[in-house]
Amino acid sequence: MDLDALRALVAVADAGSLLGGAERLGLARSTLRRRLDELEALAGVPLLHRGAQGAALTTAGELLVTRGRSLLVESVALLSAVRESAEEASGLLRLAVPVGMPPHTMSLLYATMRIEHPMLSLELRIAESPLDELSEGFDGALVLGQRPHEGPWITRVLGHAHEGLLGAVSLLERLGEPKTPEDLERFDLFVWRSPTFDPRRLPTRDGAPLQVNPRLISSDIHTLRQLALEGQGLAYVPDGGLPDPGYPPDTLRPVLADRLGRDCPIRVVVPEALALAPTVRVWLKSVLDLFSES
């Protein structure tokens with residue numbers, strides 16, 4: 001099977017149209033269409049319903065895309081593992097991390113690896129869905145909350161960040177500490193766009209989501225936390241317990257902690273075929289060491 005043709009089908013499925021798929025891959029639409037036609041000819045059945053409103057997968061197309069994603073990840077990872085079969089960790093390591101990962105966390109990780117593995121260089125991609133980057137040749141990903149789909153990768157839970165509502169002490173003293181969900185109406189709410197819940201329906205301890213009207217929704221946890229630190233409102237974000245540089249440790253405190261929140265797993269994901277490659281092995285160790293000390 002032509003992996004470029006398979007990649008074209010996956011891109012169209014993700015984008016919902018041939019034009020969107022071509023833009024994602026940086027291809028001319030005619031080139032993308034030719035690859036899809038060749039793939040359909042090879043499969044012997046239609047893979048897409050094409051129309052003026054876009055493109056949708058047929059049942060056969062859905063099956064091929066589901067299994068094809070794993071094939072793309074594994075093929076890219078296998079080639080990378082072959083290239084990196086030397087004993088010493090060197091060369092380029094490509095990592096994907098979620099939007100809003102605290103910069104000082106990444107700085108600590110880089111500093112550790114720079115000292116221990118000076119021959120290693122990094123490419124870091126900030127992504128709303130780091131898992132998607134594994135099919136594009138990335139060597140590993142850090143993921144917040146999202147459980148990886150079944151596929152040819154190894155995943156480890158590094159720990160848990162508690163999701164909850166945080167507010168600056170100065171703001172809470174000025175406007176009054178919320179005692180009930182109704183009291184939140186006095187505050188601007190900034191809510192994390194999680195891959196696992198609707199940002200207008202916050203998770204609660206009793207399992208019944210709380211309907212809210214956020215002033216700001218973003219996948220960038222760092223920005224939301226910064227707004228809370230500045231006393232501009234309350235932020236619903238994962239909190240890993242790491243210090244906020246430049247702010248006293250007691251600047252933020254939980255709000256309605258007995259009603260709102262849940263645990264958010266922090267996972268590291270690497271393609272199975274790359275698990276023993278020196279660069280990936282040392283990165284995985286560095287990540288595990290960093291989180292075990294935090």
# chains A, B, ... in the order shown; residues from 1 in each chain; ligands from 1
call {"tool": "residues_around", "arguments": {"residues": "Pro199 of chain A", "least_positions_apart": "6", "cutoff": "8 Å", "atoms": "only C-alpha atoms", "output": "ChimeraX atom specification"}}
result
/A:191-193,214,217
call {"tool": "select_by_dssp", "arguments": {"residues": "segment 25-192 of chain A", "states": "strand (DSSP E)", "output": "PyMOL selection string"}}
result
chain A and resi 48-51+54-57+91-98+120-127+140-144+153-168+189-192
call {"tool": "closest_residue", "arguments": {"among": "A:Leu216, A:Ala56, A:Gly176, A:Ala5", "to": "Asp37 of chain A", "atoms": "only C-alpha atoms"}}
result
A:Ala5
call {"tool": "select_by_dssp", "arguments": {"residues": "segment 10-156 of chain A", "states": "alpha helix (DSSP H)", "output": "PyMOL selection string"}}
result
chain A and resi 10-15+18-25+29-43+59-83+103-116
call {"tool": "residues_around", "arguments": {"residues": "segment 259-264 of chain A", "least_positions_apart": "4", "cutoff": "8 Å", "atoms": "only C-alpha atoms", "output": "CSV table (one decimal) with N, CA and C atoms, in the first residue's frame"}}
result
chain,number,residue,atom,x,y,z
A,144,LEU,N,-2.3,15.7,28.1
A,144,LEU,CA,-3.0,16.0,29.3
A,144,LEU,C,-4.5,15.5,29.2
A,145,GLY,N,-4.9,14.6,30.0
A,145,GLY,CA,-6.3,14.2,30.1
A,145,GLY,C,-6.7,13.1,29.1
A,160,HIS,N,-0.8,12.8,38.1
A,160,HIS,CA,-2.1,13.4,37.9
A,160,HIS,C,-2.0,14.9,38.3
A,161,ALA,N,-2.6,15.7,37.4
A,161,ALA,CA,-2.8,17.1,37.8
A,161,ALA,C,-4.2,17.3,38.2
A,162,HIS,N,-4.5,17.9,39.3
A,162,HIS,CA,-5.8,18.1,39.7
A,162,HIS,C,-6.5,19.2,38.9
A,163,GLU,N,-7.6,18.9,38.2
A,163,GLU,CA,-8.4,20.0,37.6
A,163,GLU,C,-9.2,20.7,38.6
A,164,GLY,N,-9.3,22.0,38.5
A,164,GLY,CA,-10.2,22.7,39.4
A,164,GLY,C,-10.2,24.2,39.1
A,165,LEU,N,-11.0,24.9,39.9
A,165,LEU,CA,-11.1,26.3,39.7
A,165,LEU,C,-10.1,27.0,40.7
A,202,LEU,N,-18.7,22.1,33.5
A,202,LEU,CA,-17.6,21.7,34.3
A,202,LEU,C,-17.8,20.4,35.1
A,203,PRO,N,-16.8,19.6,35.1
A,203,PRO,CA,-16.9,18.4,36.0
A,203,PRO,C,-17.1,18.7,37.4
A,204,THR,N,-17.9,17.9,38.1
A,204,THR,CA,-18.1,18.1,39.5
A,204,THR,C,-17.9,16.8,40.3
A,205,ARG,N,-17.8,16.9,41.6
A,205,ARG,CA,-17.5,15.8,42.5
A,205,ARG,C,-18.6,14.7,42.4
A,206,ASP,N,-19.9,15.2,42.3
A,206,ASP,CA,-21.0,14.3,42.3
A,206,ASP,C,-21.4,13.8,40.9
A,238,PRO,N,-6.0,22.4,34.8
A,238,PRO,CA,-5.2,21.4,35.5
A,238,PRO,C,-4.1,22.1,36.3
call {"tool": "atom_distance", "arguments": {"atom1": "atom CA of Ala168 of chain A", "atom2": "atom CA of Ala228 of chain A"}}
result
6.0 Å
call {"tool": "closest_residue", "arguments": {"among": "A:Asp2, A:Gly246, A:Trp283, A:Ala235", "to": "Leu42 of chain A", "atoms": "only C-alpha atoms"}}
result
A:Asp2
call {"tool": "residues_around", "arguments": {"residues": "Phe291 of chain A", "least_positions_apart": "4", "cutoff": "8 Å", "atoms": "only C-alpha atoms", "output": "list in words"}}
result
Leu158, Gly159 and Val287 of chain A
call {"tool": "closest_residue", "arguments": {"among": "A:Gln211, A:Lys179, A:Leu9, A:Gly231", "to": "Glu38 of chain A", "atoms": "only C-alpha atoms"}}
result
A:Leu9
call {"tool": "residues_around", "arguments": {"residues": "Pro130 of chain A", "least_positions_apart": "3", "cutoff": "8 Å", "atoms": "only C-alpha atoms", "output": "PDB file with C-alpha atoms, in the first residue's frame"}}
result
ATOM      1  CA  ALA A  96       4.919  17.222  20.741  1.00  0.00           C
ATOM      2  CA  VAL A  97       3.523  18.812  23.891  1.00  0.00           C
ATOM      3  CA  PRO A  98       0.119  20.291  24.683  1.00  0.00           C
ATOM      4  CA  ILE A 126       3.149  22.905  20.636  1.00  0.00           C
ATOM      5  CA  ALA A 127      -0.103  21.238  19.591  1.00  0.00           C
ATOM      6  CA  GLU A 133       1.775  14.479  15.605  1.00  0.00           C
ATOM      7  CA  LEU A 134       2.965  10.892  16.106  1.00  0.00           C
ATOM      8  CA  ALA A 141       4.233  13.252  23.029  1.00  0.00           C
ATOM      9  CA  LEU A 142       3.077  14.536  26.383  1.00  0.00           C
ATOM     10  CA  VAL A 143      -0.694  14.427  26.793  1.00  0.00           C
TER      11      VAL A 143
END
call {"tool": "residues_around", "arguments": {"residues": "Gln226 of chain A", "least_positions_apart": "3", "cutoff": "12 Å", "atoms": "only C-alpha atoms", "output": "PDB file with N, CA and C atoms, in the first residue's frame"}}
result
ATOM      1  N   GLY A 100      -0.032  25.175  26.371  1.00  0.00           N
ATOM      2  CA  GLY A 100      -0.187  25.558  27.766  1.00  0.00           C
ATOM      3  C   GLY A 100       0.674  24.773  28.736  1.00  0.00           C
ATOM      4  N   PRO A 102       3.437  24.356  31.088  1.00  0.00           N
ATOM      5  CA  PRO A 102       4.193  25.453  31.707  1.00  0.00           C
ATOM      6  C   PRO A 102       5.601  25.563  31.126  1.00  0.00           C
ATOM      7  N   LEU A 166      -9.351  27.941  40.143  1.00  0.00           N
ATOM      8  CA  LEU A 166      -8.362  28.669  40.929  1.00  0.00           C
ATOM      9  C   LEU A 166      -8.617  30.169  40.828  1.00  0.00           C
ATOM     10  N   GLY A 167      -8.354  30.861  41.917  1.00  0.00           N
ATOM     11  CA  GLY A 167      -8.499  32.311  41.928  1.00  0.00           C
ATOM     12  C   GLY A 167      -7.420  32.953  42.762  1.00  0.00           C
ATOM     13  N   ALA A 168      -7.043  34.182  42.409  1.00  0.00           N
ATOM     14  CA  ALA A 168      -6.056  34.924  43.189  1.00  0.00           C
ATOM     15  C   ALA A 168      -6.676  35.352  44.518  1.00  0.00           C
ATOM     16  N   PHE A 190     -12.495  31.628  33.160  1.00  0.00           N
ATOM     17  CA  PHE A 190     -11.594  31.218  32.094  1.00  0.00           C
ATOM     18  C   PHE A 190     -11.482  29.696  32.161  1.00  0.00           C
ATOM     19  N   ASP A 220      -4.898  26.815  25.891  1.00  0.00           N
ATOM     20  CA  ASP A 220      -3.635  27.263  26.461  1.00  0.00           C
ATOM     21  C   ASP A 220      -3.778  27.439  27.973  1.00  0.00           C
ATOM     22  N   ILE A 221      -3.391  26.427  28.705  1.00  0.00           N
ATOM     23  CA  ILE A 221      -3.518  26.431  30.160  1.00  0.00           C
ATOM     24  C   ILE A 221      -2.699  27.557  30.784  1.00  0.00           C
ATOM     25  N   HIS A 222      -1.520  27.801  30.228  1.00  0.00           N
ATOM     26  CA  HIS A 222      -0.626  28.811  30.791  1.00  0.00           C
ATOM     27  C   HIS A 222      -1.268  30.198  30.743  1.00  0.00           C
ATOM     28  N   THR A 223      -1.912  30.535  29.620  1.00  0.00           N
ATOM     29  CA  THR A 223      -2.564  31.843  29.503  1.00  0.00           C
ATOM     30  C   THR A 223      -3.692  31.984  30.516  1.00  0.00           C
ATOM     31  N   LEU A 229      -3.673  34.519  37.913  1.00  0.00           N
ATOM     32  CA  LEU A 229      -2.618  35.072  38.764  1.00  0.00           C
ATOM     33  C   LEU A 229      -2.714  36.590  38.846  1.00  0.00           C
ATOM     34  N   GLU A 230      -3.119  37.216  37.758  1.00  0.00           N
ATOM     35  CA  GLU A 230      -3.243  38.672  37.713  1.00  0.00           C
ATOM     36  C   GLU A 230      -4.548  39.161  38.342  1.00  0.00           C
ATOM     37  N   GLY A 231      -5.397  38.230  38.806  1.00  0.00           N
ATOM     38  CA  GLY A 231      -6.631  38.621  39.468  1.00  0.00           C
ATOM     39  C   GLY A 231      -7.724  39.079  38.529  1.00  0.00           C
ATOM     40  N   GLN A 232      -7.661  38.624  37.253  1.00  0.00           N
ATOM     41  CA  GLN A 232      -8.667  39.047  36.291  1.00  0.00           C
ATOM     42  C   GLN A 232      -9.903  38.147  36.274  1.00  0.00           C
ATOM     43  N   GLY A 233      -9.841  37.021  36.932  1.00  0.00           N
ATOM     44  CA  GLY A 233     -10.975  36.115  37.000  1.00  0.00           C
ATOM     45  C   GLY A 233     -10.548  34.786  37.583  1.00  0.00           C
ATOM     46  N   LEU A 234     -11.456  33.806  37.498  1.00  0.00           N
ATOM     47  CA  LEU A 234     -11.198  32.456  37.997  1.00  0.00           C
ATOM     48  C   LEU A 234     -10.897  31.538  36.817  1.00  0.00           C
ATOM     49  N   ALA A 235      -9.904  30.677  36.971  1.00  0.00           N
ATOM     50  CA  ALA A 235      -9.485  29.784  35.889  1.00  0.00           C
ATOM     51  C   ALA A 235      -9.733  28.337  36.263  1.00  0.00           C
ATOM     52  N   TYR A 236     -10.441  27.617  35.375  1.00  0.00           N
ATOM     53  CA  TYR A 236     -10.579  26.164  35.548  1.00  0.00           C
ATOM     54  C   TYR A 236      -9.490  25.517  34.697  1.00  0.00           C
ATOM     55  N   VAL A 237      -8.457  24.965  35.349  1.00  0.00           N
ATOM     56  CA  VAL A 237      -7.292  24.413  34.654  1.00  0.00           C
ATOM     57  C   VAL A 237      -6.738  23.220  35.434  1.00  0.00           C
ATOM     58  N   ASP A 244       4.718  29.050  40.338  1.00  0.00           N
ATOM     59  CA  ASP A 244       4.566  30.047  39.272  1.00  0.00           C
ATOM     60  C   ASP A 244       5.703  31.050  39.402  1.00  0.00           C
ATOM     61  N   PRO A 245       6.660  31.039  38.475  1.00  0.00           N
ATOM     62  CA  PRO A 245       7.806  31.957  38.595  1.00  0.00           C
ATOM     63  C   PRO A 245       7.351  33.414  38.714  1.00  0.00           C
ATOM     64  N   GLY A 246       7.924  34.109  39.689  1.00  0.00           N
ATOM     65  CA  GLY A 246       7.605  35.513  39.863  1.00  0.00           C
ATOM     66  C   GLY A 246       6.433  35.774  40.786  1.00  0.00           C
ATOM     67  N   TYR A 247       5.783  34.719  41.281  1.00  0.00           N
ATOM     68  CA  TYR A 247       4.621  34.899  42.166  1.00  0.00           C
ATOM     69  C   TYR A 247       4.838  34.098  43.451  1.00  0.00           C
ATOM     70  N   THR A 251      -0.299  32.668  45.949  1.00  0.00           N
ATOM     71  CA  THR A 251      -1.044  33.656  45.158  1.00  0.00           C
ATOM     72  C   THR A 251      -2.409  33.126  44.757  1.00  0.00           C
ATOM     73  N   LEU A 252      -2.461  31.856  44.349  1.00  0.00           N
ATOM     74  CA  LEU A 252      -3.722  31.233  43.932  1.00  0.00           C
ATOM     75  C   LEU A 252      -4.210  30.262  44.988  1.00  0.00           C
TER      76      LEU A 252
END
call {"tool": "closest_residue", "arguments": {"among": "A:Ala15, A:Leu93, A:Leu184, A:Val169", "to": "Ala277 of chain A", "atoms": "only C-alpha atoms"}}
result
A:Leu93
call {"tool": "residues_around", "arguments": {"residues": "Val65 of chain A", "least_positions_apart": "2", "cutoff": "9 Å", "atoms": "only C-alpha atoms", "output": "number ranges by chain"}}
result
A: 6-7, 9-10, 13, 57, 60-63, 67-70
call {"tool": "write_last_selection", "arguments": {"atoms": "N, CA and C atoms", "output": "short mmCIF file (atom, residue, chain, number, x, y, z; two decimals), in the first residue's frame"}}
result
data_model
loop_
_atom_site.label_atom_id
_atom_site.label_comp_id
_atom_site.auth_asym_id
_atom_site.auth_seq_id
_atom_site.Cartn_x
_atom_site.Cartn_y
_atom_site.Cartn_z
N LEU A 6 -2.40 6.69 1.67
CA LEU A 6 -3.09 6.49 2.95
C LEU A 6 -3.07 7.77 3.77
N ARG A 7 -1.94 8.47 3.75
CA ARG A 7 -1.84 9.74 4.47
C ARG A 7 -2.81 10.77 3.90
N LEU A 9 -5.76 10.08 2.56
CA LEU A 9 -7.10 9.74 3.02
C LEU A 9 -7.31 10.19 4.46
N VAL A 10 -6.31 9.99 5.31
CA VAL A 10 -6.41 10.41 6.71
C VAL A 10 -6.55 11.93 6.80
N ALA A 13 -10.05 12.90 5.86
CA ALA A 13 -10.96 12.53 6.94
C ALA A 13 -10.91 13.54 8.08
N LEU A 57 -16.27 9.82 4.97
CA LEU A 57 -15.80 8.45 4.80
C LEU A 57 -16.97 7.49 4.63
N ALA A 60 -16.11 1.49 4.54
CA ALA A 60 -14.78 0.96 4.22
C ALA A 60 -13.70 1.99 4.50
N GLY A 61 -13.99 3.25 4.19
CA GLY A 61 -13.03 4.31 4.45
C GLY A 61 -12.75 4.49 5.93
N GLU A 62 -13.80 4.39 6.75
CA GLU A 62 -13.62 4.51 8.20
C GLU A 62 -12.72 3.40 8.73
N LEU A 63 -12.91 2.19 8.22
CA LEU A 63 -12.08 1.06 8.66
C LEU A 63 -10.62 1.30 8.26
N ARG A 67 -7.42 1.91 11.02
CA ARG A 67 -6.23 1.06 11.07
C ARG A 67 -5.04 1.73 10.41
N GLY A 68 -5.33 2.61 9.47
CA GLY A 68 -4.25 3.29 8.76
C GLY A 68 -3.47 4.24 9.64
N ARG A 69 -4.14 4.88 10.59
CA ARG A 69 -3.41 5.78 11.49
C ARG A 69 -2.30 5.03 12.22
N SER A 70 -2.62 3.85 12.71
CA SER A 70 -1.61 3.05 13.40
C SER A 70 -0.48 2.66 12.47
#
call {"tool": "atom_distance", "arguments": {"atom1": "atom CA of Pro178 of chain A", "atom2": "atom CA of Leu256 of chain A"}}
result
6.9 Å
